[in-house]
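Asks: This one is upload.txt, compact mmCIF, C-alpha atoms.
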```txt
# COMPACT_ATOMS: atom_id res chain seq x y z
CA MET A 680 125.33 98.21 128.77
CA THR A 681 122.14 97.70 130.78
CA LEU A 682 120.43 94.36 130.28
CA PRO A 683 116.66 94.42 129.71
CA SER A 684 114.53 93.55 132.71
CA ALA A 685 112.32 90.48 132.87
CA HIS A 686 109.33 92.78 132.40
CA ASP A 687 110.81 94.28 129.23
CA VAL A 688 111.58 90.84 127.82
CA ALA A 689 108.03 89.62 128.53
CA LEU A 690 106.56 92.81 127.05
CA ALA A 691 108.57 92.44 123.85
CA ALA A 692 107.58 88.78 123.57
CA GLU A 693 103.87 89.62 123.91
CA ARG A 694 104.05 92.34 121.27
CA ARG A 695 106.00 90.07 118.92
CA SER A 696 103.42 87.27 119.32
CA ALA A 697 100.58 89.67 118.58
CA ALA A 698 102.38 91.14 115.55
CA ARG A 699 103.19 87.69 114.15
CA LEU A 700 99.58 86.61 114.52
CA LEU A 701 98.28 89.66 112.67
CA LEU A 702 100.80 89.28 109.89
CA ALA A 703 99.76 85.66 109.31
CA HIS A 704 96.03 86.22 109.99
CA PRO A 705 95.05 89.83 109.18
CA LEU A 706 91.53 89.28 110.54
CA VAL A 707 91.39 87.98 114.12
CA THR A 708 88.15 87.72 116.08
CA SER A 709 87.52 87.39 119.80
CA ASP A 710 85.70 84.09 119.33
CA GLY A 711 87.58 82.72 116.34
CA PRO A 712 90.40 80.18 115.98
CA HIS A 713 92.95 82.55 117.57
CA SER A 714 90.79 83.88 120.37
CA ASP A 715 93.42 82.92 122.97
CA LEU A 716 95.78 85.59 121.61
CA PHE A 717 93.16 88.24 120.89
CA PRO A 718 93.61 89.84 124.36
CA LEU A 719 97.27 90.44 123.49
CA ILE A 720 96.26 92.40 120.41
CA ARG A 721 93.83 94.48 122.46
CA ARG A 722 96.41 95.07 125.19
CA HIS A 723 99.06 96.32 122.77
CA ALA A 724 96.77 97.87 120.16
CA ASP A 725 98.31 101.35 120.22
CA TRP A 726 101.88 100.08 119.96
CA LEU A 727 100.99 97.60 117.21
CA SER A 728 99.10 100.23 115.26
CA LYS A 729 102.04 102.63 115.31
CA ARG A 730 104.63 99.99 114.44
CA PHE A 731 102.69 98.49 111.54
CA GLN A 732 102.11 101.98 110.15
CA GLN A 733 105.73 103.05 110.59
CA VAL A 734 107.35 99.88 109.29
CA LEU A 735 104.97 98.62 106.60
CA GLY A 736 102.45 101.36 106.01
CA TYR A 737 99.65 99.02 107.13
CA ARG A 738 96.61 100.31 109.00
CA LEU A 739 95.45 98.34 112.04
CA LEU A 740 91.88 98.57 113.33
CA VAL A 741 91.19 96.98 116.73
CA ASP A 742 87.62 96.72 117.99
CA SER A 743 86.17 94.99 121.02
CA SER A 744 85.44 91.84 119.02
CA TYR A 745 87.93 91.85 116.14
CA ALA A 746 91.26 93.16 114.89
CA ARG A 747 91.83 93.87 111.19
CA LEU A 748 95.25 94.52 109.68
CA PHE A 749 94.74 96.19 106.31
CA LYS A 750 97.57 94.93 104.14
CA ALA A 751 98.34 96.78 100.94
CA GLY A 752 99.54 94.13 98.51
CA LEU A 753 102.49 94.22 96.11
CA GLY A 754 100.72 94.58 92.79
CA ALA A 755 99.30 92.28 90.14
CA GLY A 756 100.26 88.62 90.46
CA ALA A 757 101.74 89.01 93.95
CA GLY A 758 98.75 88.20 96.16
CA HIS A 759 98.23 85.26 98.49
CA ARG A 760 95.45 83.36 96.82
CA LEU A 761 92.43 81.86 98.54
CA GLU A 762 91.84 78.14 98.19
CA ARG A 763 88.93 75.75 98.48
CA SER A 764 88.87 72.93 101.00
CA THR A 765 90.28 70.72 98.23
CA SER A 766 93.36 73.03 98.03
CA THR A 767 92.40 74.16 94.52
CA PRO A 768 92.72 77.93 94.10
CA PHE A 769 89.70 80.19 93.84
CA SER A 770 88.70 80.85 90.25
CA PRO A 771 87.78 84.37 89.05
CA HIS A 772 84.16 83.28 89.33
CA THR A 773 84.63 82.29 92.99
CA TYR A 774 86.16 85.70 93.75
CA ALA A 775 83.24 87.34 91.98
CA CYS A 776 80.81 85.40 94.18
CA LEU A 777 82.79 86.43 97.27
CA ALA A 778 82.72 90.11 96.30
CA LEU A 779 79.01 90.02 95.48
CA ALA A 780 78.21 88.30 98.77
CA LEU A 781 80.09 90.99 100.70
CA SER A 782 78.25 93.73 98.83
CA VAL A 783 74.98 92.17 99.98
CA LEU A 784 75.98 91.41 103.55
CA VAL A 785 77.00 94.94 104.58
CA THR A 786 73.30 95.89 104.59
CA ALA A 787 71.73 92.47 105.18
CA PRO A 788 69.48 91.72 108.17
CA GLU A 789 71.14 90.15 111.17
CA GLN A 790 69.69 86.76 110.24
CA LEU A 791 68.44 85.38 106.96
CA LEU A 792 67.88 82.11 105.18
CA LEU A 793 70.52 80.72 102.87
CA SER A 794 68.05 80.74 99.98
CA GLN A 795 67.41 84.46 100.51
CA LEU A 796 71.13 85.21 100.56
CA VAL A 797 71.58 83.35 97.27
CA ALA A 798 68.69 85.29 95.75
CA ASP A 799 70.19 88.59 96.92
CA ILE A 800 73.57 87.65 95.41
CA ARG A 801 71.91 86.88 92.09
CA ALA A 802 70.15 90.25 92.19
CA ALA A 803 73.41 92.04 93.00
CA ALA A 804 75.09 90.31 90.07
CA ALA A 805 72.30 91.43 87.75
CA ASP A 806 72.56 95.03 89.01
CA ALA A 807 76.33 95.01 88.43
CA GLU A 808 75.86 93.39 85.00
CA ILE A 809 78.00 90.44 86.07
CA GLU A 810 77.27 87.06 84.55
CA LEU A 811 77.42 84.29 87.12
CA GLU A 812 77.50 80.63 86.34
CA GLU A 813 74.02 79.22 86.71
CA THR A 814 73.68 78.74 90.48
CA GLY A 815 71.06 76.09 89.86
CA ARG A 816 73.69 73.83 88.32
CA ALA A 817 76.04 71.68 90.37
CA ALA A 818 79.24 73.55 89.39
CA GLY A 819 77.68 76.93 90.09
CA LYS A 820 76.39 75.76 93.45
CA ARG A 821 79.80 74.46 94.49
CA THR A 822 81.48 77.70 93.48
CA LEU A 823 79.06 79.86 95.45
CA ALA A 824 79.25 77.48 98.41
CA ALA A 825 83.05 77.81 98.42
CA ALA A 826 82.77 81.61 98.60
CA LEU A 827 80.27 81.40 101.47
CA ARG A 828 82.43 78.88 103.35
CA GLN A 829 85.26 81.40 103.20
CA LEU A 830 83.00 83.97 104.82
CA VAL A 831 82.14 81.45 107.52
CA GLU A 832 85.86 80.87 108.13
CA TRP A 833 86.40 84.62 108.53
CA GLY A 834 83.47 84.91 110.92
CA VAL A 835 81.40 87.14 108.62
CA LEU A 836 78.75 84.42 108.45
CA ILE A 837 77.70 82.21 111.35
CA GLU A 838 75.88 78.97 110.59
CA THR A 839 73.12 79.22 113.21
CA GLU A 840 71.15 76.26 111.90
CA GLY A 841 72.42 74.07 109.09
CA HIS A 842 75.45 74.75 106.89
CA VAL A 843 76.18 76.82 103.79
CA ALA A 844 77.51 73.62 102.19
CA ALA A 845 73.87 72.57 101.91
CA LEU A 846 73.72 74.86 98.90
CA ALA A 847 75.77 72.35 96.89
CA GLN A 848 73.50 69.41 97.71
CA ASP A 849 71.53 67.90 94.85
CA ALA A 850 68.19 68.61 96.47
CA GLY A 851 69.25 72.10 97.55
CA GLY A 852 69.41 72.42 101.33
CA GLU A 853 68.41 75.29 103.59
CA ALA A 854 70.19 76.97 106.49
CA LEU A 855 69.70 79.88 108.89
CA ILE A 856 72.60 82.34 108.68
CA THR A 857 73.64 85.03 111.16
CA VAL A 858 75.53 87.96 109.65
CA ASP A 859 78.28 90.06 111.25
CA ARG A 860 77.82 93.22 109.21
CA GLU A 861 80.76 94.99 110.83
CA LEU A 862 83.17 92.25 109.78
CA ALA A 863 81.71 92.29 106.28
CA ARG A 864 82.58 95.99 106.04
CA VAL A 865 86.24 95.54 106.99
CA VAL A 866 87.10 92.50 104.86
CA VAL A 867 88.03 94.51 101.75
CA ALA A 868 91.33 96.30 102.33
CA GLY A 869 91.73 98.28 99.11
CA PRO A 870 90.50 101.83 98.33
CA LEU A 871 87.23 100.88 96.63
CA ALA A 872 85.86 104.41 96.34
CA GLN A 873 88.80 105.67 94.26
CA ALA A 874 89.30 102.62 92.02
CA ARG A 875 88.00 102.64 88.44
CA ASP A 876 88.09 98.85 88.10
CA GLY A 877 89.69 95.76 89.60
CA ALA A 878 93.11 96.35 88.03
CA ASP A 879 93.12 99.94 89.24
CA LEU A 880 92.19 98.77 92.74
CA VAL A 881 95.22 96.44 92.80
CA ARG A 882 97.52 99.23 91.59
CA ARG A 883 96.24 101.73 94.13
CA ALA A 884 96.44 99.25 97.00
CA ALA A 885 100.08 98.46 96.17
CA ASP A 886 101.18 102.10 96.00
CA PRO A 887 103.58 102.58 98.96
CA GLY A 888 102.68 106.27 99.14
CA PHE A 889 104.98 108.60 101.06
CA GLY A 890 107.03 105.63 102.26
CA GLY A 891 108.24 105.01 98.71
CA PRO A 892 111.09 102.50 98.30
CA ARG A 893 111.42 101.98 102.06
CA THR A 894 107.83 100.82 102.48
CA TYR A 895 107.75 98.73 99.31
CA VAL A 896 110.94 96.82 100.12
CA ARG A 897 109.82 96.10 103.68
CA ARG A 898 106.47 94.81 102.44
CA ALA A 899 108.17 92.61 99.85
CA LEU A 900 110.46 91.16 102.50
CA VAL A 901 107.67 90.13 104.87
CA GLU A 902 105.13 89.06 102.24
CA THR A 903 107.26 87.03 99.81
CA PRO A 904 109.64 84.06 100.21
CA VAL A 905 112.63 85.94 98.76
CA VAL A 906 113.34 89.37 97.26
CA TYR A 907 115.72 89.20 94.30
CA LEU A 908 117.69 92.31 93.42
CA ASP A 909 116.28 92.57 89.91
CA GLU A 910 112.78 92.69 91.39
CA LEU A 911 113.67 96.10 92.85
CA THR A 912 114.19 99.48 91.22
CA ASP A 913 117.51 101.31 91.50
CA ALA A 914 116.12 103.40 94.37
CA GLU A 915 114.85 100.30 96.18
CA ARG A 916 118.13 98.44 95.74
CA ASP A 917 120.05 101.45 97.05
CA TRP A 918 117.81 101.73 100.10
CA LEU A 919 118.12 98.01 100.88
CA ARG A 920 121.91 97.93 100.42
CA THR A 921 122.52 100.81 102.82
CA ARG A 922 120.09 99.65 105.52
CA GLN A 923 119.89 95.88 105.37
CA ARG A 924 121.80 95.29 108.63
CA ARG A 925 119.65 97.76 110.50
CA GLU A 926 116.50 96.29 108.99
CA ALA A 927 117.58 92.79 110.01
CA GLN A 928 117.62 93.88 113.65
CA ALA A 929 114.26 95.65 113.35
CA PHE A 930 112.51 92.63 111.83
CA SER A 931 114.03 90.35 114.44
CA GLU A 932 112.65 92.51 117.24
CA LEU A 933 109.23 93.10 115.71
CA LEU A 934 108.47 89.70 114.18
CA GLY A 935 111.19 87.29 115.27
CA LEU A 936 112.39 86.91 111.68
CA GLU A 937 116.00 86.37 110.64
CA MET A 938 117.38 88.06 107.53
CA GLU A 939 119.54 86.11 105.09
CA ILE A 940 121.56 88.33 102.80
CA ARG A 941 123.01 86.87 99.61
CA ALA A 942 124.48 88.22 96.41
CA GLU A 943 121.22 87.60 94.54
CA GLY A 944 118.82 89.03 97.10
CA VAL A 945 117.46 88.92 100.61
CA ALA A 946 115.02 86.64 102.45
CA LEU A 947 113.39 86.82 105.85
CA VAL A 948 113.34 83.40 107.49
CA ASP A 949 111.04 82.35 110.31
CA PRO A 950 112.89 79.96 112.66
CA GLU A 951 109.54 78.77 114.01
CA ASP A 952 108.18 78.07 110.50
CA GLU A 953 104.81 79.66 111.26
CA LEU A 954 104.61 82.74 109.03
CA THR A 955 104.27 80.98 105.70
CA ASP A 956 101.44 79.46 103.74
CA LEU A 957 103.87 77.48 101.58
CA HIS A 958 106.07 74.62 102.72
CA LEU A 959 108.87 72.78 100.98
CA PRO A 960 109.62 70.03 101.88
CA GLY A 961 105.95 69.31 102.31
CA THR A 962 103.42 66.51 102.24
CA GLY A 963 101.47 65.24 99.28
CA THR A 964 102.24 64.39 95.68
CA VAL A 965 102.82 67.92 94.39
CA ALA A 966 105.19 68.97 97.20
CA GLN A 967 107.19 65.74 96.95
CA ALA A 968 107.48 65.96 93.17
CA ALA A 969 108.41 69.66 93.38
CA LEU A 970 111.23 68.98 95.83
CA LEU A 971 112.66 66.16 93.74
CA LEU A 972 112.33 68.19 90.53
CA VAL A 973 114.08 71.28 91.87
CA GLU A 974 116.94 69.14 93.23
CA ARG A 975 117.56 67.65 89.79
CA LEU A 976 117.21 70.99 88.02
CA VAL A 977 119.86 72.50 90.27
CA GLU A 978 122.18 69.57 89.58
CA ARG A 979 121.74 70.01 85.83
CA LEU A 980 121.71 73.82 85.55
CA ARG A 981 123.90 75.22 88.32
CA PRO A 982 126.18 77.92 86.79
CA LYS A 983 129.89 77.32 87.28
CA GLU A 984 131.04 80.72 88.53
CA PRO A 985 128.26 82.87 89.96
CA GLY A 986 129.37 85.89 91.95
CA HIS A 987 128.74 89.49 92.86
CA PRO A 988 129.78 92.54 90.82
CA ALA A 989 131.29 94.08 93.97
CA THR A 990 133.87 91.27 94.01
CA GLY A 991 134.43 91.13 90.27
CA GLY A 992 131.97 88.31 89.71
CA THR A 993 128.93 87.91 87.48
CA LEU A 994 125.55 88.11 89.14
CA VAL A 995 123.33 85.15 88.25
CA ILE A 996 119.76 85.29 89.55
CA GLY A 997 118.17 82.91 87.07
CA VAL A 998 119.20 80.36 84.46
CA ALA A 999 117.12 79.17 81.53
CA VAL A 1000 115.39 75.80 81.77
CA PRO A 1001 115.69 74.05 78.38
CA ASP A 1002 112.45 73.15 76.64
CA GLY A 1003 111.32 69.67 77.54
CA LEU A 1004 113.64 69.25 80.54
CA VAL A 1005 110.86 69.59 83.12
CA ASP A 1006 108.74 66.99 81.32
CA GLU A 1007 111.74 64.66 81.01
CA LEU A 1008 112.61 64.90 84.71
CA LEU A 1009 109.00 64.56 85.85
CA ALA A 1010 108.61 61.40 83.78
CA GLU A 1011 111.73 60.00 85.47
CA LEU A 1012 110.40 60.92 88.91
CA VAL A 1013 107.00 59.35 88.28
CA ALA A 1014 108.64 56.13 87.13
CA GLU A 1015 111.05 56.11 90.06
CA TYR A 1016 108.85 57.33 92.92
CA GLY A 1017 105.23 57.45 91.77
CA GLN A 1018 104.07 53.97 92.70
CA ARG A 1019 106.25 53.28 95.70
CA SER A 1020 105.56 56.71 97.23
CA ASN A 1021 101.82 56.30 96.68
CA TRP A 1022 101.44 59.47 94.62
CA GLN A 1023 97.91 60.44 93.64
CA ARG A 1024 96.62 58.28 90.81
CA GLY A 1025 95.18 61.30 89.01
CA TYR A 1026 98.62 62.87 88.71
CA LEU A 1027 100.26 59.59 87.71
CA GLU A 1028 97.81 59.31 84.84
CA ASP A 1029 97.98 63.00 83.89
CA ILE A 1030 101.60 64.21 83.75
CA PRO A 1031 100.65 67.62 82.25
CA ALA A 1032 98.43 68.26 85.30
CA LEU A 1033 101.29 67.28 87.63
CA ARG A 1034 103.63 69.55 85.69
CA GLU A 1035 101.25 72.49 86.03
CA ALA A 1036 100.76 71.96 89.77
CA VAL A 1037 104.49 71.51 90.47
CA LEU A 1038 105.52 74.59 88.48
CA ASP A 1039 102.79 76.61 90.19
CA LEU A 1040 104.14 75.69 93.63
CA LEU A 1041 107.75 76.41 92.67
CA ALA A 1042 106.76 79.74 91.13
CA ARG A 1043 104.86 80.81 94.25
CA MET A 1044 107.91 79.90 96.32
CA GLN A 1045 110.03 81.96 93.90
CA LEU A 1046 112.27 79.02 93.07
CA MET A 1047 111.24 79.16 89.41
CA ALA A 1048 109.61 81.81 87.24
CA GLN A 1049 108.48 82.44 83.71
CA THR A 1050 110.66 84.93 81.92
CA GLY A 1051 109.25 88.41 81.54
CA ARG A 1052 109.70 92.07 82.40
CA LEU A 1053 110.81 92.87 85.94
CA ARG A 1054 110.39 95.72 88.36
CA ALA A 1055 114.01 96.78 87.74
CA GLU A 1056 112.91 97.39 84.15
CA GLY A 1057 109.97 99.53 85.24
CA ASP A 1058 107.28 96.85 85.20
CA GLY A 1059 104.28 97.44 87.48
CA LEU A 1060 105.41 100.73 89.00
CA PRO A 1061 102.77 103.19 90.26
CA GLU A 1062 102.39 106.46 88.39
CA GLY A 1063 104.96 109.03 89.46
CA TYR A 1064 106.95 106.50 91.48
CA SER A 1065 110.62 107.40 91.94
CA GLU A 1066 112.76 104.58 90.58
CA GLU A 1067 116.15 106.29 90.28
CA ALA A 1068 118.80 106.01 92.97
CA PRO A 1069 120.01 109.28 94.54
CA GLU A 1070 122.44 111.12 92.29
CA GLY A 1071 125.98 109.88 92.58
CA ARG A 1072 125.01 106.61 94.30
CA ALA A 1073 126.11 103.41 92.57
CA VAL A 1074 123.79 100.40 92.74
CA THR A 1075 124.28 96.74 91.86
CA ASP A 1076 124.00 96.18 88.12
CA VAL A 1077 121.33 93.53 87.57
CA ARG A 1078 121.30 93.60 83.78
CA GLY A 1079 121.72 90.13 82.36
CA ALA A 1080 121.22 88.43 85.73
CA ARG A 1081 118.39 86.40 84.19
CA PRO A 1082 118.01 84.84 80.75
CA GLY A 1083 115.97 86.56 78.09
CA GLY A 1084 113.47 85.02 75.74
CA ASP A 1085 110.48 82.90 76.63
CA GLY A 1086 110.04 79.93 78.90
CA TRP A 1087 110.92 79.01 82.47
CA GLU A 1088 113.94 79.94 84.53
CA LEU A 1089 115.43 78.39 87.66
CA LEU A 1090 116.07 81.01 90.34
CA ALA A 1091 118.92 81.35 92.82
CA ALA A 1092 117.04 80.30 95.95
CA ALA A 1093 116.45 76.88 94.39
CA ALA A 1094 120.03 76.06 95.40
CA ARG A 1095 118.77 75.70 98.97
CA TYR A 1096 117.32 72.37 97.93
CA ALA A 1097 120.42 71.02 96.19
CA THR A 1098 121.68 67.69 97.46
CA HIS A 1099 125.29 68.85 97.07
CA VAL A 1100 126.34 72.31 98.22
CA THR A 1101 129.53 73.93 96.95
CA MET A 1102 131.24 76.22 99.48
CA ARG A 1103 133.70 78.86 98.30
CA PRO A 1104 136.16 80.60 100.65
CA ALA A 1105 135.56 84.29 101.23
CA THR A 1106 138.07 86.60 99.57
CA ALA A 1107 139.47 89.78 101.05
CA ALA A 1108 137.59 91.82 98.46
CA ARG A 1109 134.37 90.07 99.38
CA LYS A 1110 134.94 90.82 103.05
CA ARG A 1111 135.65 94.47 102.31
CA ALA A 1112 132.42 94.70 100.34
CA GLU A 1113 130.56 93.04 103.21
CA VAL A 1114 128.82 90.72 100.76
CA GLN A 1115 127.91 87.32 102.13
CA GLU A 1116 128.55 84.24 100.04
CA GLU A 1117 126.08 83.90 97.22
CA LEU A 1118 123.46 81.18 97.05
CA PRO A 1119 125.28 78.28 95.40
CA LEU A 1120 123.14 78.08 92.27
```
Show me this structure written as structure tokens.

Replies:
Amino acid sequence: MTLPSAHDVALAAERRSAARLLLAHPLVTSDGPHSDLFPLIRRHADWLSKRFQQVLGYRLLVDSSYARLFKAGLGAGAGHRLERSTSTPFSPHTYACLALALSVLVTAPEQLLLSQLVADIRAAAADAEIELEETGRAAGKRTLAAALRQLVEWGVLIETEGHVAALAQDAGGEALITVDRELARVVVAGPLAQARDGADLVRRAADPGFGGPRTYVRRALVETPVVYLDELTDAERDWLRTRQRREAQAFSELLGLEMEIRAEGVALVDPEDELTDLHLPGTGTVAQAALLLVERLVERLRPKEPGHPATGGTLVIGVAVPDGLVDELLAELVAEYGQRSNWQRGYLEDIPALREAVLDLLARMQLMAQTGRLRAEGDGLPEGYSEEAPEGRAVTDVRGARPGGDGWELLAAAARYATHVTMRPATAARKRAEVQEELPL
């Protein structure tokens, strides 16, 4: 076996750094926050373009001043949301302002006043028969300012004189804005021309096309914290089961990610902890409360004998959370940790708000979920999508792996955060099936 040369190792490291940057930041500019790595993207543009297309079905556009990776999404409810500077998520109204601003900026002059841009956005809203919150009011101003600040962060708008935040000032400030029309044109990744409406745009963008199950599963692996088996169709589960070892090597080489394979599903883990927008453990009241809550839920709800059908066990991906248990545990945590850990006063005085924020974080990390239909049951599939495994191929039975009914469920990956981990010895049957030990939920 011939060992790779120092040149080959350096080349692979450069390409991996560029690929990781694009995956985390799909829009990179030559003068933006990641300008130091932009030359790497330019240097390896052809290789990156081919690999992203082959592996994930993503299109990469590299220009002299920017690189844009056009991600495809995973369907409704699976996107990475935008947030304001206060960490509150964009509202539908904020997204509407963002879309209207982009529609104006693709044909805007190179420079214009902030007041003119606001007027043009209002006119565009009227033409599209979209009702905006009154931009003359404080709330409306803040919402529009948040959308414009996002465009500044992306480099679509440059604050030549003044700041777009002046829009939210009581007296109404002014600013001179420089527009990068080319960037404005490449921000939207979905097929706008073919879409009938917003929901149709999301569906079309998530369609894996000719790549089918292969492309969808790979996208899910790199874009979500964990892929549970019942979130995949029979065809997707079959493809993953027969190729997961090979895929683990490919993702390690391309992105430096390590694959963890468990009975309940698969996760790609970043040893450098860079390719995620969610962190647990984390800082702040919500992250601390979420970590403590999930620990106690696992202690209370861990099933006694989870397993894998291949070894004669019962697959458990989720367990029901009894009504009132989250509120009960949160009240205990606030009393025990709230004051001494200096949790935010607003949350201490508003437990329902804390509950909502904590459950939102745990749901986005796929540690908890609300019960509902799953992809394995045909939910959210594109029209004409093949969901059956090849004839004669047996796939893991995921029926009954989660509770039915309404309410919240605790998912298998939550066991990562248990304070006590139960280890079970591997059996001969488990070894023969090449199934790693399940997450100890």

Asks: Quick one, how far is CA of Leu934 (chain A) from CA of Arg898 (chain A)?

Replies: 13.0 Å

Asks: Quote the spacing between CA of His713 (chain A) and CA of Leu900 (chain A) in Å to one decimal place.

Replies: 24.7 Å

Asks: Determine the nearest neighbour of Glu1066 (chain A) from the options A:Arg925, A:Arg893, A:Arg860, A:Arg1081, counting all atoms listed in the file.

Replies: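 Once distances to Glu1066 (chain A) are computed over all atoms listed in the file, the minimum belongs to A:Arg893.
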
Asks: Go through A:Val995, A:Pro904, A:Gly1063, A:Leu1040 one by one, measure the shortest atom-to-atom distance of each to Val948 (chain A) using all atoms listed in the file, and give the residue with the smallest value.

Replies: A:Pro904

Asks: Find the spatial neighbours of region 797-812 of chain A, counting only C-alpha atoms, within a cut-off of 10 Å - ignore same-chain residues fewer than 6 positions away - and output them as a compact mmCIF listing (two decimals) with C-alpha atoms, in the frame of the given file.

Replies:
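And here is the file that came out, part_19.txt:
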```txt
# COMPACT_ATOMS: atom_id res chain seq x y z
CA HIS A 772 84.16 83.28 89.33
CA THR A 773 84.63 82.29 92.99
CA ALA A 775 83.24 87.34 91.98
CA CYS A 776 80.81 85.40 94.18
CA LEU A 777 82.79 86.43 97.27
CA ALA A 778 82.72 90.11 96.30
CA LEU A 779 79.01 90.02 95.48
CA ALA A 780 78.21 88.30 98.77
CA LEU A 781 80.09 90.99 100.70
CA SER A 782 78.25 93.73 98.83
CA VAL A 783 74.98 92.17 99.98
CA LEU A 784 75.98 91.41 103.55
CA ALA A 787 71.73 92.47 105.18
CA ALA A 818 79.24 73.55 89.39
CA GLY A 819 77.68 76.93 90.09
CA LYS A 820 76.39 75.76 93.45
CA THR A 822 81.48 77.70 93.48
CA LEU A 823 79.06 79.86 95.45
CA ALA A 824 79.25 77.48 98.41
CA LEU A 827 80.27 81.40 101.47
CA LEU A 846 73.72 74.86 98.90
```
